[in-house]
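Colleague: Shown below is the structure under consideration.
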Amino acid sequence: MSLSKFQKFTAEDIKRSSIKNAPYNPRTIGDDQAKELRKGLKKFGLVESLVWNKRTGNLVGGHQRLNQLDTLEGKKDYSLTVSVIDVDLKSEKEINLLLNNPNLQGEYDEEALAKLVGEIDFKNAGFTDADISVLGVNVDLSHIDKADIQDNRSTAEKIQEIK
């Protein structure tokens with residue numbers, strides 16, 4: 001079977017030091033979200049490749065994951081398998097925005113999500129109490145550590161204030 005004609009990348013192993021953070025990347029991440037992402041990377045590993053533009057050396061997709069990997073690795077001299085593209089800078093910027101555009105990421109089907117209650121640990125999937133409250137899903141969070149419990153109490157109090 002042949003590859004899709006729409007696949008425009010190849011997988012390649014490169015050194016971390018070859019990857020530059022795109023200076024124009026508009027995505028940011030807060031400390032709490034970075035902590036959760038780091039936890040997810042520790043638990044599950046890197047399960048999706050980063051997108052790297054061979055022409056510019058810029059990272060196109062995966063800045064937050066790469067930053068957390070750097071923290072976990074404790075160095076910048078390691079190898080990664082990346083999805084390599086070769087495009088001009090204008091296309092690179094458009095792809096960066098396309099990959100990160102929340103309008104293109106869909107929404108949760110609340111019924112399908114509710115069916116996962118009891119089957120998965122929502123905290124391992126990066127959900128906060130606020131997320132769960134907004135979705136209206138009842139989840140037992142008693143297994144989380146004391147620091148997270150304090151964070152969750154603060155979040156719960158904030159939710160009550162907003163309501």
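Letters for chains follow the order of the structure tokens (A, B, ...), residue numbers begin at 1 for each chain, and ligand numbers begin at 1 in the order shown.
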Applying 8 Å and only C-alpha atoms, which residues near Phe9 of chain A remain after dropping the ones on its own chain fewer than 5 positions away? List them as a PyMOL selection string.

Modeller: chain A and resi 83-85

Colleague: Next, dump the selected residues to file, keeping only N, CA, C and O atoms, as a CSV table (one decimal), in the first residue's frame.

Modeller:
chain,number,residue,atom,x,y,z
A,83,SER,N,9.2,14.7,12.8
A,83,SER,CA,8.6,14.8,11.5
A,83,SER,C,9.2,16.0,10.8
A,83,SER,O,9.1,17.1,11.2
A,84,VAL,N,9.9,15.7,9.7
A,84,VAL,CA,10.7,16.7,9.0
A,84,VAL,C,9.9,17.2,7.8
A,84,VAL,O,9.4,16.4,7.0
A,85,ILE,N,9.8,18.5,7.7
A,85,ILE,CA,9.2,19.1,6.5
A,85,ILE,C,10.3,20.1,5.9
A,85,ILE,O,11.3,20.4,6.6

Colleague: Compile a residue-level contact table for segment 95-125 of chain A against segment 13-33 of chain A at a cut-off of 10 Å, reporting for every qualifying residue the shortest atom pair and its distance in Å to one decimal, with only C-alpha atoms counted, rows ordered by chain and ascending number, as JSON lines.

Modeller:
{"residue": "A:Asn96", "atom": "CA", "partner": "A:Asn25", "partner_atom": "CA", "distance": 7.3}
{"residue": "A:Leu97", "atom": "CA", "partner": "A:Asn25", "partner_atom": "CA", "distance": 8.2}
{"residue": "A:Asn100", "atom": "CA", "partner": "A:Arg27", "partner_atom": "CA", "distance": 7.7}
{"residue": "A:Asn101", "atom": "CA", "partner": "A:Arg27", "partner_atom": "CA", "distance": 9.7}

Colleague: Any idea what's packed within 12 Å of Gly45 of chain A, counting only C-alpha atoms, ignoring anything in its chain fewer than 5 positions away? Could you give it as a PyMOL selection string?

Modeller: chain A and resi 37-40+65-66+68-69+72-73

Colleague: What does the file look like for those residues with all heavy atoms, as a short mmCIF file (atom, residue, chain, number, x, y, z; two decimals), in the first residue's frame?

Modeller:
data_model
loop_
_atom_site.label_atom_id
_atom_site.label_comp_id
_atom_site.auth_asym_id
_atom_site.auth_seq_id
_atom_site.Cartn_x
_atom_site.Cartn_y
_atom_site.Cartn_z
N LEU A 37 1.94 18.83 31.78
CA LEU A 37 2.52 18.28 30.57
C LEU A 37 3.75 17.43 30.91
O LEU A 37 3.93 16.32 30.38
CB LEU A 37 2.89 19.40 29.59
CG LEU A 37 3.53 18.98 28.27
CD1 LEU A 37 2.68 17.96 27.53
CD2 LEU A 37 3.79 20.20 27.41
N ARG A 38 4.57 17.93 31.80
CA ARG A 38 5.76 17.19 32.25
C ARG A 38 5.35 15.86 32.88
O ARG A 38 5.94 14.82 32.63
CB ARG A 38 6.55 18.05 33.24
CG ARG A 38 8.02 17.96 33.11
CD ARG A 38 8.82 18.93 33.94
NE ARG A 38 8.22 19.60 35.06
CZ ARG A 38 7.76 20.86 35.06
NH1 ARG A 38 7.85 21.60 33.98
NH2 ARG A 38 7.23 21.39 36.14
N LYS A 39 4.32 15.90 33.71
CA LYS A 39 3.80 14.68 34.34
C LYS A 39 3.37 13.68 33.27
O LYS A 39 3.64 12.48 33.38
CB LYS A 39 2.60 14.98 35.23
CG LYS A 39 2.91 15.48 36.61
CD LYS A 39 1.57 15.73 37.29
CE LYS A 39 1.59 15.81 38.75
NZ LYS A 39 0.27 16.14 39.30
N GLY A 40 2.66 14.18 32.27
CA GLY A 40 2.20 13.31 31.19
C GLY A 40 3.36 12.71 30.41
O GLY A 40 3.33 11.52 30.06
N ARG A 65 6.08 20.70 24.36
CA ARG A 65 6.60 19.36 24.66
C ARG A 65 8.12 19.36 24.67
O ARG A 65 8.73 18.76 25.55
CB ARG A 65 6.09 18.34 23.63
CG ARG A 65 4.63 17.98 23.84
CD ARG A 65 4.11 17.05 22.79
NE ARG A 65 3.95 17.80 21.55
CZ ARG A 65 4.11 17.30 20.32
NH1 ARG A 65 4.42 16.04 20.16
NH2 ARG A 65 3.92 18.05 19.27
N LEU A 66 8.73 20.06 23.73
CA LEU A 66 10.20 20.10 23.67
C LEU A 66 10.77 20.80 24.90
O LEU A 66 11.75 20.33 25.49
CB LEU A 66 10.68 20.79 22.40
CG LEU A 66 12.19 20.78 22.19
CD1 LEU A 66 12.74 19.36 22.12
CD2 LEU A 66 12.55 21.55 20.92
N GLN A 68 9.51 20.90 27.86
CA GLN A 68 9.38 20.00 29.00
C GLN A 68 10.33 18.82 28.88
O GLN A 68 10.87 18.33 29.88
CB GLN A 68 7.93 19.55 29.17
CG GLN A 68 6.96 20.68 29.46
CD GLN A 68 7.48 21.67 30.48
OE1 GLN A 68 7.88 21.28 31.58
NE2 GLN A 68 7.48 22.95 30.15
N LEU A 69 10.57 18.35 27.66
CA LEU A 69 11.57 17.30 27.47
C LEU A 69 12.95 17.77 27.89
O LEU A 69 13.70 17.03 28.52
CB LEU A 69 11.61 16.87 26.00
CG LEU A 69 10.54 15.90 25.54
CD1 LEU A 69 10.62 15.70 24.03
CD2 LEU A 69 10.66 14.57 26.26
N LEU A 72 13.10 17.54 31.56
CA LEU A 72 13.20 16.16 32.01
C LEU A 72 14.56 15.54 31.69
O LEU A 72 15.11 14.80 32.50
CB LEU A 72 12.09 15.31 31.38
CG LEU A 72 10.67 15.63 31.86
CD1 LEU A 72 9.64 14.91 30.99
CD2 LEU A 72 10.50 15.27 33.32
N GLU A 73 15.09 15.85 30.52
CA GLU A 73 16.39 15.31 30.12
C GLU A 73 17.52 15.97 30.91
O GLU A 73 18.56 15.37 31.12
CB GLU A 73 16.63 15.53 28.62
CG GLU A 73 15.76 14.68 27.71
CD GLU A 73 16.21 13.24 27.62
OE1 GLU A 73 17.32 12.90 28.08
OE2 GLU A 73 15.44 12.43 27.09
#

Colleague: Just list as a list in words whatever in segment 4-155 of chain A DSSP marks as strand (DSSP E).

Modeller: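 Those residues are Thr10, Ala11, Glu12, Asp13, Ile14, Lys15, Leu50, Val51, Trp52, Asn53, Leu59, Val60, Gly61, Ser79, Leu80, Thr81, Val82, Ser83, Val84 and Ile85 of chain A.
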
Colleague: Using DSSP on the backbone coordinates, identify all residues within segment 74-149 of chain A classified as helix (DSSP H, G or I); present the result as a PyMOL selection string.

Modeller: chain A and resi 89-100+102-104+110-114+122-125+129-135+146-149

Colleague: Go ahead and save the residues from that selection, with C-alpha atoms, as a CSV table (one decimal), in the first residue's frame.

Modeller:
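Result file result16.csv:
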chain,number,residue,atom,x,y,z
A,89,LEU,CA,9.3,30.6,6.2
A,90,LYS,CA,5.8,31.9,5.3
A,91,SER,CA,4.4,28.3,4.9
A,92,GLU,CA,6.2,27.3,8.2
A,93,LYS,CA,4.4,30.1,10.1
A,94,GLU,CA,1.1,29.2,8.6
A,95,ILE,CA,1.6,25.5,9.5
A,96,ASN,CA,2.6,26.5,13.1
A,97,LEU,CA,-0.7,28.4,13.5
A,98,LEU,CA,-2.6,25.6,11.8
A,99,LEU,CA,-1.2,23.0,14.2
A,100,ASN,CA,-2.0,25.1,17.2
A,102,PRO,CA,-7.9,25.6,18.9
A,103,ASN,CA,-10.7,26.3,16.4
A,104,LEU,CA,-9.5,23.3,14.4
A,110,GLU,CA,-19.9,15.1,26.5
A,111,GLU,CA,-21.8,11.7,26.3
A,112,ALA,CA,-18.7,10.0,25.0
A,113,LEU,CA,-16.6,11.7,27.6
A,114,ALA,CA,-19.0,10.7,30.4
A,122,PHE,CA,-8.8,12.1,34.0
A,123,LYS,CA,-5.9,13.7,35.9
A,124,ASN,CA,-3.5,11.6,33.7
A,125,ALA,CA,-5.2,13.1,30.7
A,129,ASP,CA,-11.0,20.2,38.5
A,130,ALA,CA,-12.2,23.3,36.5
A,131,ASP,CA,-12.2,21.4,33.3
A,132,ILE,CA,-14.2,18.6,34.8
A,133,SER,CA,-16.6,21.0,36.5
A,134,VAL,CA,-17.3,22.8,33.2
A,135,LEU,CA,-17.8,19.4,31.4
A,146,LYS,CA,-1.2,16.8,48.5
A,147,ALA,CA,0.2,19.6,46.3
A,148,ASP,CA,-2.4,18.9,43.7
A,149,ILE,CA,-5.1,18.8,46.3

Colleague: For a quick check of understanding, using only C-alpha atoms, which of A:Val87, A:Leu80, A:Ile120, A:Met1 has the smallest distance to Val47 of chain A?

Modeller: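 Selected residue with least distance to Val47 of chain A: A:Leu80.
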